[in-house]
Amino acid sequence: MSERPKGPIALEFAGFWRQAGSLIIDVTVLLSISSFLTPFHWFGFGNLWDITRFIEVPILLSPFAALINPVSIVLSGVYFIAFWIWRGQTLGMMVGGIKVIHIDGTDINLNRSIIRYLGYIISALPLFLGFLWIAFDERSQGWHDKFAETYVVKLPPMPEVSASAPPAGI
């Protein structure tokens with residue numbers, strides 16, 4: 001049976017592919033949830049502007065629907081911010097075994113979560129360049145992490161517990 005470490009644990013920064021995979025899972029979850037809002041998008045309910053003036057092919061509109069509809073922006077904001085405050089992880093981050101923390105190693109609070117989410121929007125606007133930045137940064141920080149003073153780190157593996165040995169302290 002292995003024991004929990006007594007001192008601080010050195011955490012490793014989560015790389016680009018792990019963070020990208022986690023974000024893809026989160027986007028898939030959000031698209032599944034927001035698919036219920038699709039009828040509202042068809043009629044332009046709540047849209048900030050008419051995107052069909054810029055793109056003629058309807059299939060190309062779907063990725064931009066969330067950006068032009070405030071309901072989708074709020075829905076995704078609530079998703080990310082609530083999970084970051086609750087666990088420091090979204091559903092995708094749980095699957096990827098990663099967590100977002102403040103640069104001092106503590107959990108992030110509401111203000112940092114809001115700044116990080118707004119940073120997500122800024123990172124996505126110039127062709128996702130702020131997310132691509134993760135691949136080239138020595139600490140694997142995207143623009144959103146730089147704004148919010150956060151790191152995304154790999155979680156250490158859980159220690160294995162043997163069923164035959166009695167729990168420690170008994």
# chains A, B, ... in the order shown; residues from 1 in each chain; ligands from 1
>>> residues_around(residues="Ile134 (chain A)", least_positions_apart="4", cutoff="12 Å", atoms="only C-alpha atoms", output="NGL selection string")
:A and (13-20 or 123 or 128-130 or 138-146 or 151-152)
>>> residues_around(residues="Trp84 (chain A)", least_positions_apart="6", cutoff="8 Å", atoms="only C-alpha atoms", output="CSV table (one decimal) with C-alpha atoms, in the first residue's frame")
chain,number,residue,atom,x,y,z
A,90,THR,CA,-14.5,21.2,-16.1
A,100,VAL,CA,-6.6,24.9,-13.3
A,108,ILE,CA,-9.1,29.9,-8.4
A,113,SER,CA,-12.7,32.4,-13.2
>>> select_by_dssp(residues="region 87-152 of chain A", states="strand (DSSP E)", output="MDAnalysis selection string")
chainID A and resid 98:102 150:152
>>> select_by_dssp(residues="region 82-124 of chain A", states="helix (DSSP H, G or I)", output="PDB file with all heavy atoms, in the first residue's frame")
ATOM      1  N   ALA A  82     -18.622  27.978 -13.220  1.00  0.00           N
ATOM      2  CA  ALA A  82     -19.130  27.158 -12.115  1.00  0.00           C
ATOM      3  C   ALA A  82     -18.214  25.963 -11.850  1.00  0.00           C
ATOM      4  O   ALA A  82     -17.881  25.676 -10.694  1.00  0.00           O
ATOM      5  CB  ALA A  82     -20.548  26.679 -12.422  1.00  0.00           C
ATOM      6  N   PHE A  83     -17.776  25.280 -12.902  1.00  0.00           N
ATOM      7  CA  PHE A  83     -16.882  24.128 -12.707  1.00  0.00           C
ATOM      8  C   PHE A  83     -15.521  24.551 -12.170  1.00  0.00           C
ATOM      9  O   PHE A  83     -14.945  23.878 -11.318  1.00  0.00           O
ATOM     10  CB  PHE A  83     -16.723  23.328 -14.000  1.00  0.00           C
ATOM     11  CG  PHE A  83     -17.767  22.270 -14.190  1.00  0.00           C
ATOM     12  CD1 PHE A  83     -18.761  22.419 -15.145  1.00  0.00           C
ATOM     13  CD2 PHE A  83     -17.767  21.117 -13.412  1.00  0.00           C
ATOM     14  CE1 PHE A  83     -19.726  21.437 -15.314  1.00  0.00           C
ATOM     15  CE2 PHE A  83     -18.722  20.135 -13.574  1.00  0.00           C
ATOM     16  CZ  PHE A  83     -19.711  20.287 -14.532  1.00  0.00           C
ATOM     17  N   TRP A  84     -14.970  25.671 -12.677  1.00  0.00           N
ATOM     18  CA  TRP A  84     -13.660  26.117 -12.191  1.00  0.00           C
ATOM     19  C   TRP A  84     -13.718  26.484 -10.710  1.00  0.00           C
ATOM     20  O   TRP A  84     -12.777  26.217  -9.970  1.00  0.00           O
ATOM     21  CB  TRP A  84     -13.161  27.304 -12.998  1.00  0.00           C
ATOM     22  CG  TRP A  84     -12.734  26.958 -14.394  1.00  0.00           C
ATOM     23  CD1 TRP A  84     -12.287  25.760 -14.850  1.00  0.00           C
ATOM     24  CD2 TRP A  84     -12.723  27.836 -15.510  1.00  0.00           C
ATOM     25  NE1 TRP A  84     -11.997  25.844 -16.190  1.00  0.00           N
ATOM     26  CE2 TRP A  84     -12.255  27.097 -16.622  1.00  0.00           C
ATOM     27  CE3 TRP A  84     -13.067  29.172 -15.698  1.00  0.00           C
ATOM     28  CZ2 TRP A  84     -12.113  27.671 -17.887  1.00  0.00           C
ATOM     29  CZ3 TRP A  84     -12.927  29.729 -16.958  1.00  0.00           C
ATOM     30  CH2 TRP A  84     -12.451  28.986 -18.027  1.00  0.00           C
ATOM     31  N   ILE A  85     -14.815  27.108 -10.281  1.00  0.00           N
ATOM     32  CA  ILE A  85     -14.948  27.468  -8.862  1.00  0.00           C
ATOM     33  C   ILE A  85     -15.169  26.217  -8.021  1.00  0.00           C
ATOM     34  O   ILE A  85     -14.572  26.053  -6.959  1.00  0.00           O
ATOM     35  CB  ILE A  85     -16.102  28.468  -8.660  1.00  0.00           C
ATOM     36  CG1 ILE A  85     -15.749  29.807  -9.290  1.00  0.00           C
ATOM     37  CG2 ILE A  85     -16.414  28.653  -7.177  1.00  0.00           C
ATOM     38  CD1 ILE A  85     -16.913  30.767  -9.339  1.00  0.00           C
ATOM     39  N   TRP A  86     -16.024  25.318  -8.497  1.00  0.00           N
ATOM     40  CA  TRP A  86     -16.383  24.135  -7.720  1.00  0.00           C
ATOM     41  C   TRP A  86     -15.215  23.181  -7.528  1.00  0.00           C
ATOM     42  O   TRP A  86     -14.905  22.763  -6.419  1.00  0.00           O
ATOM     43  CB  TRP A  86     -17.562  23.428  -8.391  1.00  0.00           C
ATOM     44  CG  TRP A  86     -17.976  22.142  -7.757  1.00  0.00           C
ATOM     45  CD1 TRP A  86     -18.163  21.902  -6.422  1.00  0.00           C
ATOM     46  CD2 TRP A  86     -18.252  20.915  -8.417  1.00  0.00           C
ATOM     47  NE1 TRP A  86     -18.547  20.591  -6.222  1.00  0.00           N
ATOM     48  CE2 TRP A  86     -18.611  19.967  -7.438  1.00  0.00           C
ATOM     49  CE3 TRP A  86     -18.237  20.515  -9.753  1.00  0.00           C
ATOM     50  CZ2 TRP A  86     -18.947  18.665  -7.741  1.00  0.00           C
ATOM     51  CZ3 TRP A  86     -18.585  19.223 -10.048  1.00  0.00           C
ATOM     52  CH2 TRP A  86     -18.931  18.301  -9.056  1.00  0.00           C
ATOM     53  N   LEU A  91     -15.735  19.266 -16.990  1.00  0.00           N
ATOM     54  CA  LEU A  91     -15.886  17.839 -17.273  1.00  0.00           C
ATOM     55  C   LEU A  91     -14.739  17.326 -18.149  1.00  0.00           C
ATOM     56  O   LEU A  91     -14.193  16.253 -17.918  1.00  0.00           O
ATOM     57  CB  LEU A  91     -17.236  17.566 -17.938  1.00  0.00           C
ATOM     58  CG  LEU A  91     -18.466  17.836 -17.072  1.00  0.00           C
ATOM     59  CD1 LEU A  91     -19.746  17.680 -17.893  1.00  0.00           C
ATOM     60  CD2 LEU A  91     -18.492  16.935 -15.868  1.00  0.00           C
ATOM     61  N   GLY A  92     -14.371  18.110 -19.154  1.00  0.00           N
ATOM     62  CA  GLY A  92     -13.257  17.720 -20.020  1.00  0.00           C
ATOM     63  C   GLY A  92     -11.936  17.638 -19.272  1.00  0.00           C
ATOM     64  O   GLY A  92     -11.116  16.759 -19.523  1.00  0.00           O
ATOM     65  N   MET A  93     -11.729  18.544 -18.334  1.00  0.00           N
ATOM     66  CA  MET A  93     -10.501  18.524 -17.547  1.00  0.00           C
ATOM     67  C   MET A  93     -10.475  17.317 -16.612  1.00  0.00           C
ATOM     68  O   MET A  93      -9.407  16.765 -16.343  1.00  0.00           O
ATOM     69  CB  MET A  93     -10.362  19.824 -16.749  1.00  0.00           C
ATOM     70  CG  MET A  93     -10.159  21.049 -17.626  1.00  0.00           C
ATOM     71  SD  MET A  93     -10.226  22.567 -16.672  1.00  0.00           S
ATOM     72  CE  MET A  93      -8.518  23.042 -16.753  1.00  0.00           C
ATOM     73  N   MET A  94     -11.641  16.912 -16.108  1.00  0.00           N
ATOM     74  CA  MET A  94     -11.704  15.715 -15.267  1.00  0.00           C
ATOM     75  C   MET A  94     -11.271  14.493 -16.062  1.00  0.00           C
ATOM     76  O   MET A  94     -10.492  13.667 -15.581  1.00  0.00           O
ATOM     77  CB  MET A  94     -13.122  15.515 -14.721  1.00  0.00           C
ATOM     78  CG  MET A  94     -13.534  16.515 -13.674  1.00  0.00           C
ATOM     79  SD  MET A  94     -15.236  16.194 -13.174  1.00  0.00           S
ATOM     80  CE  MET A  94     -15.748  17.826 -12.685  1.00  0.00           C
ATOM     81  N   VAL A  95     -11.760  14.384 -17.290  1.00  0.00           N
ATOM     82  CA  VAL A  95     -11.389  13.261 -18.150  1.00  0.00           C
ATOM     83  C   VAL A  95      -9.893  13.313 -18.470  1.00  0.00           C
ATOM     84  O   VAL A  95      -9.213  12.286 -18.478  1.00  0.00           O
ATOM     85  CB  VAL A  95     -12.231  13.265 -19.453  1.00  0.00           C
ATOM     86  CG1 VAL A  95     -11.714  12.239 -20.449  1.00  0.00           C
ATOM     87  CG2 VAL A  95     -13.700  13.019 -19.141  1.00  0.00           C
ATOM     88  N   GLY A  96      -9.371  14.517 -18.714  1.00  0.00           N
ATOM     89  CA  GLY A  96      -7.960  14.677 -19.066  1.00  0.00           C
ATOM     90  C   GLY A  96      -7.012  14.629 -17.886  1.00  0.00           C
ATOM     91  O   GLY A  96      -5.791  14.655 -18.072  1.00  0.00           O
ATOM     92  N   LEU A 110     -13.927  33.276  -7.847  1.00  0.00           N
ATOM     93  CA  LEU A 110     -14.899  33.784  -8.825  1.00  0.00           C
ATOM     94  C   LEU A 110     -14.268  34.813  -9.754  1.00  0.00           C
ATOM     95  O   LEU A 110     -14.444  34.737 -10.980  1.00  0.00           O
ATOM     96  CB  LEU A 110     -16.112  34.373  -8.098  1.00  0.00           C
ATOM     97  CG  LEU A 110     -17.164  35.037  -8.992  1.00  0.00           C
ATOM     98  CD1 LEU A 110     -17.786  34.014  -9.938  1.00  0.00           C
ATOM     99  CD2 LEU A 110     -18.234  35.708  -8.147  1.00  0.00           C
ATOM    100  N   ASN A 111     -13.541  35.769  -9.200  1.00  0.00           N
ATOM    101  CA  ASN A 111     -12.947  36.813 -10.042  1.00  0.00           C
ATOM    102  C   ASN A 111     -11.977  36.236 -11.068  1.00  0.00           C
ATOM    103  O   ASN A 111     -12.013  36.605 -12.243  1.00  0.00           O
ATOM    104  CB  ASN A 111     -12.226  37.857  -9.171  1.00  0.00           C
ATOM    105  CG  ASN A 111     -13.185  38.659  -8.335  1.00  0.00           C
ATOM    106  OD1 ASN A 111     -14.370  38.753  -8.642  1.00  0.00           O
ATOM    107  ND2 ASN A 111     -12.688  39.237  -7.260  1.00  0.00           N
ATOM    108  N   ARG A 112     -11.110  35.342 -10.644  1.00  0.00           N
ATOM    109  CA  ARG A 112     -10.152  34.726 -11.577  1.00  0.00           C
ATOM    110  C   ARG A 112     -10.878  33.894 -12.628  1.00  0.00           C
ATOM    111  O   ARG A 112     -10.467  33.839 -13.779  1.00  0.00           O
ATOM    112  CB  ARG A 112      -9.160  33.853 -10.831  1.00  0.00           C
ATOM    113  CG  ARG A 112      -8.288  34.638  -9.925  1.00  0.00           C
ATOM    114  CD  ARG A 112      -6.824  34.366 -10.139  1.00  0.00           C
ATOM    115  NE  ARG A 112      -6.085  35.169  -9.181  1.00  0.00           N
ATOM    116  CZ  ARG A 112      -5.602  36.373  -9.447  1.00  0.00           C
ATOM    117  NH1 ARG A 112      -5.756  36.895 -10.630  1.00  0.00           N
ATOM    118  NH2 ARG A 112      -4.958  37.061  -8.534  1.00  0.00           N
ATOM    119  N   SER A 113     -11.952  33.221 -12.219  1.00  0.00           N
ATOM    120  CA  SER A 113     -12.725  32.405 -13.158  1.00  0.00           C
ATOM    121  C   SER A 113     -13.372  33.276 -14.226  1.00  0.00           C
ATOM    122  O   SER A 113     -13.381  32.920 -15.410  1.00  0.00           O
ATOM    123  CB  SER A 113     -13.796  31.606 -12.423  1.00  0.00           C
ATOM    124  OG  SER A 113     -13.209  30.694 -11.532  1.00  0.00           O
ATOM    125  N   ILE A 114     -13.917  34.405 -13.820  1.00  0.00           N
ATOM    126  CA  ILE A 114     -14.533  35.327 -14.789  1.00  0.00           C
ATOM    127  C   ILE A 114     -13.481  35.877 -15.736  1.00  0.00           C
ATOM    128  O   ILE A 114     -13.683  35.908 -16.958  1.00  0.00           O
ATOM    129  CB  ILE A 114     -15.288  36.459 -14.059  1.00  0.00           C
ATOM    130  CG1 ILE A 114     -16.512  35.893 -13.348  1.00  0.00           C
ATOM    131  CG2 ILE A 114     -15.681  37.566 -15.029  1.00  0.00           C
ATOM    132  CD1 ILE A 114     -17.210  36.866 -12.412  1.00  0.00           C
ATOM    133  N   ILE A 115     -12.335  36.291 -15.197  1.00  0.00           N
ATOM    134  CA  ILE A 115     -11.254  36.810 -16.041  1.00  0.00           C
ATOM    135  C   ILE A 115     -10.787  35.729 -17.014  1.00  0.00           C
ATOM    136  O   ILE A 115     -10.562  35.995 -18.197  1.00  0.00           O
ATOM    137  CB  ILE A 115     -10.082  37.326 -15.177  1.00  0.00           C
ATOM    138  CG1 ILE A 115     -10.505  38.564 -14.399  1.00  0.00           C
ATOM    139  CG2 ILE A 115      -8.846  37.605 -16.035  1.00  0.00           C
ATOM    140  CD1 ILE A 115      -9.532  38.986 -13.313  1.00  0.00           C
ATOM    141  N   ARG A 116     -10.678  34.507 -16.532  1.00  0.00           N
ATOM    142  CA  ARG A 116     -10.221  33.399 -17.390  1.00  0.00           C
ATOM    143  C   ARG A 116     -11.232  33.128 -18.504  1.00  0.00           C
ATOM    144  O   ARG A 116     -10.853  32.899 -19.652  1.00  0.00           O
ATOM    145  CB  ARG A 116      -9.985  32.134 -16.553  1.00  0.00           C
ATOM    146  CG  ARG A 116      -9.255  31.042 -17.312  1.00  0.00           C
ATOM    147  CD  ARG A 116      -8.762  29.958 -16.343  1.00  0.00           C
ATOM    148  NE  ARG A 116      -7.760  29.138 -16.976  1.00  0.00           N
ATOM    149  CZ  ARG A 116      -8.047  28.048 -17.697  1.00  0.00           C
ATOM    150  NH1 ARG A 116      -9.290  27.645 -17.836  1.00  0.00           N
ATOM    151  NH2 ARG A 116      -7.064  27.354 -18.259  1.00  0.00           N
ATOM    152  N   TYR A 117     -12.529  33.180 -18.182  1.00  0.00           N
ATOM    153  CA  TYR A 117     -13.544  32.953 -19.212  1.00  0.00           C
ATOM    154  C   TYR A 117     -13.523  34.074 -20.251  1.00  0.00           C
ATOM    155  O   TYR A 117     -13.594  33.813 -21.454  1.00  0.00           O
ATOM    156  CB  TYR A 117     -14.939  32.816 -18.595  1.00  0.00           C
ATOM    157  CG  TYR A 117     -15.991  32.660 -19.660  1.00  0.00           C
ATOM    158  CD1 TYR A 117     -16.036  31.498 -20.427  1.00  0.00           C
ATOM    159  CD2 TYR A 117     -16.881  33.666 -19.943  1.00  0.00           C
ATOM    160  CE1 TYR A 117     -16.955  31.347 -21.442  1.00  0.00           C
ATOM    161  CE2 TYR A 117     -17.819  33.523 -20.954  1.00  0.00           C
ATOM    162  CZ  TYR A 117     -17.856  32.372 -21.704  1.00  0.00           C
ATOM    163  OH  TYR A 117     -18.770  32.238 -22.713  1.00  0.00           O
ATOM    164  N   LEU A 118     -13.429  35.320 -19.803  1.00  0.00           N
ATOM    165  CA  LEU A 118     -13.326  36.426 -20.758  1.00  0.00           C
ATOM    166  C   LEU A 118     -12.059  36.274 -21.602  1.00  0.00           C
ATOM    167  O   LEU A 118     -12.057  36.584 -22.797  1.00  0.00           O
ATOM    168  CB  LEU A 118     -13.342  37.768 -20.025  1.00  0.00           C
ATOM    169  CG  LEU A 118     -14.661  38.109 -19.319  1.00  0.00           C
ATOM    170  CD1 LEU A 118     -14.516  39.386 -18.503  1.00  0.00           C
ATOM    171  CD2 LEU A 118     -15.807  38.201 -20.300  1.00  0.00           C
ATOM    172  N   GLY A 119     -11.003  35.760 -20.982  1.00  0.00           N
ATOM    173  CA  GLY A 119      -9.779  35.465 -21.719  1.00  0.00           C
ATOM    174  C   GLY A 119      -9.982  34.375 -22.765  1.00  0.00           C
ATOM    175  O   GLY A 119      -9.358  34.395 -23.820  1.00  0.00           O
ATOM    176  N   TYR A 120     -10.877  33.402 -22.472  1.00  0.00           N
ATOM    177  CA  TYR A 120     -11.223  32.381 -23.462  1.00  0.00           C
ATOM    178  C   TYR A 120     -11.774  33.038 -24.720  1.00  0.00           C
ATOM    179  O   TYR A 120     -11.409  32.680 -25.840  1.00  0.00           O
ATOM    180  CB  TYR A 120     -12.291  31.434 -22.898  1.00  0.00           C
ATOM    181  CG  TYR A 120     -11.801  30.097 -22.387  1.00  0.00           C
ATOM    182  CD1 TYR A 120     -10.555  29.937 -21.813  1.00  0.00           C
ATOM    183  CD2 TYR A 120     -12.620  28.985 -22.476  1.00  0.00           C
ATOM    184  CE1 TYR A 120     -10.134  28.709 -21.338  1.00  0.00           C
ATOM    185  CE2 TYR A 120     -12.214  27.747 -22.001  1.00  0.00           C
ATOM    186  CZ  TYR A 120     -10.966  27.618 -21.437  1.00  0.00           C
ATOM    187  OH  TYR A 120     -10.559  26.404 -20.977  1.00  0.00           O
ATOM    188  N   ILE A 121     -12.664  33.993 -24.527  1.00  0.00           N
ATOM    189  CA  ILE A 121     -13.275  34.679 -25.673  1.00  0.00           C
ATOM    190  C   ILE A 121     -12.213  35.436 -26.453  1.00  0.00           C
ATOM    191  O   ILE A 121     -12.138  35.334 -27.681  1.00  0.00           O
ATOM    192  CB  ILE A 121     -14.405  35.616 -25.193  1.00  0.00           C
ATOM    193  CG1 ILE A 121     -15.544  34.788 -24.580  1.00  0.00           C
ATOM    194  CG2 ILE A 121     -14.921  36.475 -26.341  1.00  0.00           C
ATOM    195  CD1 ILE A 121     -16.596  35.602 -23.847  1.00  0.00           C
ATOM    196  N   ILE A 122     -11.347  36.161 -25.743  1.00  0.00           N
ATOM    197  CA  ILE A 122     -10.272  36.909 -26.402  1.00  0.00           C
ATOM    198  C   ILE A 122      -9.309  35.958 -27.103  1.00  0.00           C
ATOM    199  O   ILE A 122      -8.856  36.231 -28.217  1.00  0.00           O
ATOM    200  CB  ILE A 122      -9.535  37.806 -25.380  1.00  0.00           C
ATOM    201  CG1 ILE A 122     -10.480  38.901 -24.888  1.00  0.00           C
ATOM    202  CG2 ILE A 122      -8.260  38.389 -25.961  1.00  0.00           C
ATOM    203  CD1 ILE A 122      -9.985  39.660 -23.677  1.00  0.00           C
ATOM    204  N   SER A 123      -9.008  34.823 -26.484  1.00  0.00           N
ATOM    205  CA  SER A 123      -8.093  33.838 -27.079  1.00  0.00           C
ATOM    206  C   SER A 123      -8.670  33.224 -28.348  1.00  0.00           C
ATOM    207  O   SER A 123      -7.924  32.840 -29.247  1.00  0.00           O
ATOM    208  CB  SER A 123      -7.791  32.720 -26.077  1.00  0.00           C
ATOM    209  OG  SER A 123      -7.049  33.204 -24.993  1.00  0.00           O
ATOM    210  N   ALA A 124      -9.987  33.114 -28.426  1.00  0.00           N
ATOM    211  CA  ALA A 124     -10.636  32.484 -29.573  1.00  0.00           C
ATOM    212  C   ALA A 124     -10.802  33.433 -30.754  1.00  0.00           C
ATOM    213  O   ALA A 124     -10.784  32.996 -31.912  1.00  0.00           O
ATOM    214  CB  ALA A 124     -11.997  31.927 -29.167  1.00  0.00           C
TER     215      ALA A 124
END
>>> closest_residue(among="A:Ser34, A:Ser22, A:Asn109, A:Thr28", to="Val71 (chain A)", atoms="only C-alpha atoms")
A:Ser34
